[in-house]
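J.: Next up is a structure, given as structure tokens.
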Amino acid sequence: MADSQKIQRRTGIGNALIRFSGFVLAFSSLVKFTHAAKPTAYMSFLGYEDEKMFLIAALEMAIAVLFLRLRTRSVGLLLASSYLGGAIAAHVASHPLNNSAAIVVFNFHHPYLGALPATVVLACAWIGVYLRHSEALWSIKETATRGLRETGRASIKTAA
């Protein structure tokens, strides 16, 4: 496969993962705005009701828009990472069982499974950005390159 085809494929996969993550955030926000029964019960279980849930939905929509737009993607990625990290922490935290809805009871007994969707969306966002904008992780590449250079120098010195 030619280099240009590899780059196009990588960019296409990155764009798909970015769109997936952004649309999941936007859809989740819309569900919260509608106050559907099951999501409302689950958000209540996590301690978020009424104006707090509205604020979370608004923040989630703003983050989705920022992440989906190319010009604001870096800020969107930072905010999505923060938001989804908080969502993971909220799901894993211990909460009192305050509702008998099936989704609440299930997540009470399996908090790590509740954190799984946020973890998957966050991983897709980061992988998508890496594939689409490989320069986004410049510090990791720089550190790895520096480490290889230093390892090479160390092995040369020990051989001498």
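By convention in this document, the chains of the structure tokens carry letters A, B, ... by their order, each chain's residues are numbered from 1, and ligands are numbered from 1 in the order they are shown.
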If we count only C-alpha atoms and set the cut-off at 9 Å, which residues sit around A:Gly85, ignoring sequence neighbours fewer than 4 positions away in its own chain? Please answer as a PyMOL selection string.
T.: chain A and resi 80-81+89-90+118-119+122
J.: Find the nearest atom pair between each residue of stretch 44-64 of chain A and stretch 28-38 of chain A for residues within 8 Å, count only C-alpha atoms, give distances in Å to one decimal, sort rows by chain and ascending number, and present the table as JSON lines.
T.:
```
{"residue": "A:Met53", "atom": "CA", "partner": "A:Lys32", "partner_atom": "CA", "distance": 6.9}
{"residue": "A:Phe54", "atom": "CA", "partner": "A:Phe33", "partner_atom": "CA", "distance": 6.4}
{"residue": "A:Ile56", "atom": "CA", "partner": "A:Ser29", "partner_atom": "CA", "distance": 7.7}
{"residue": "A:Ala57", "atom": "CA", "partner": "A:Ser29", "partner_atom": "CA", "distance": 4.5}
{"residue": "A:Ala58", "atom": "CA", "partner": "A:Ser29", "partner_atom": "CA", "distance": 6.9}
{"residue": "A:Glu60", "atom": "CA", "partner": "A:Ser29", "partner_atom": "CA", "distance": 5.6}
{"residue": "A:Met61", "atom": "CA", "partner": "A:Ser29", "partner_atom": "CA", "distance": 5.6}
```
J.: Let me make sure I understand: among A:Val129, A:Val92, A:Ala16, A:Ile140, which one has the smallest atom-to-atom distance to A:Leu77 if we use only C-alpha atoms?
T.: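 The shortest atom-to-atom distance to A:Leu77 comes from A:Val129.
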J.: Pick out the residues sitting within 7 Å of stretch 9-12 of chain A, and hand them over as a PyMOL selection string; count only C-alpha atoms, and ignore anything fewer than 4 positions along from it in its own chain.
T.: chain A and resi 5+16+131-132
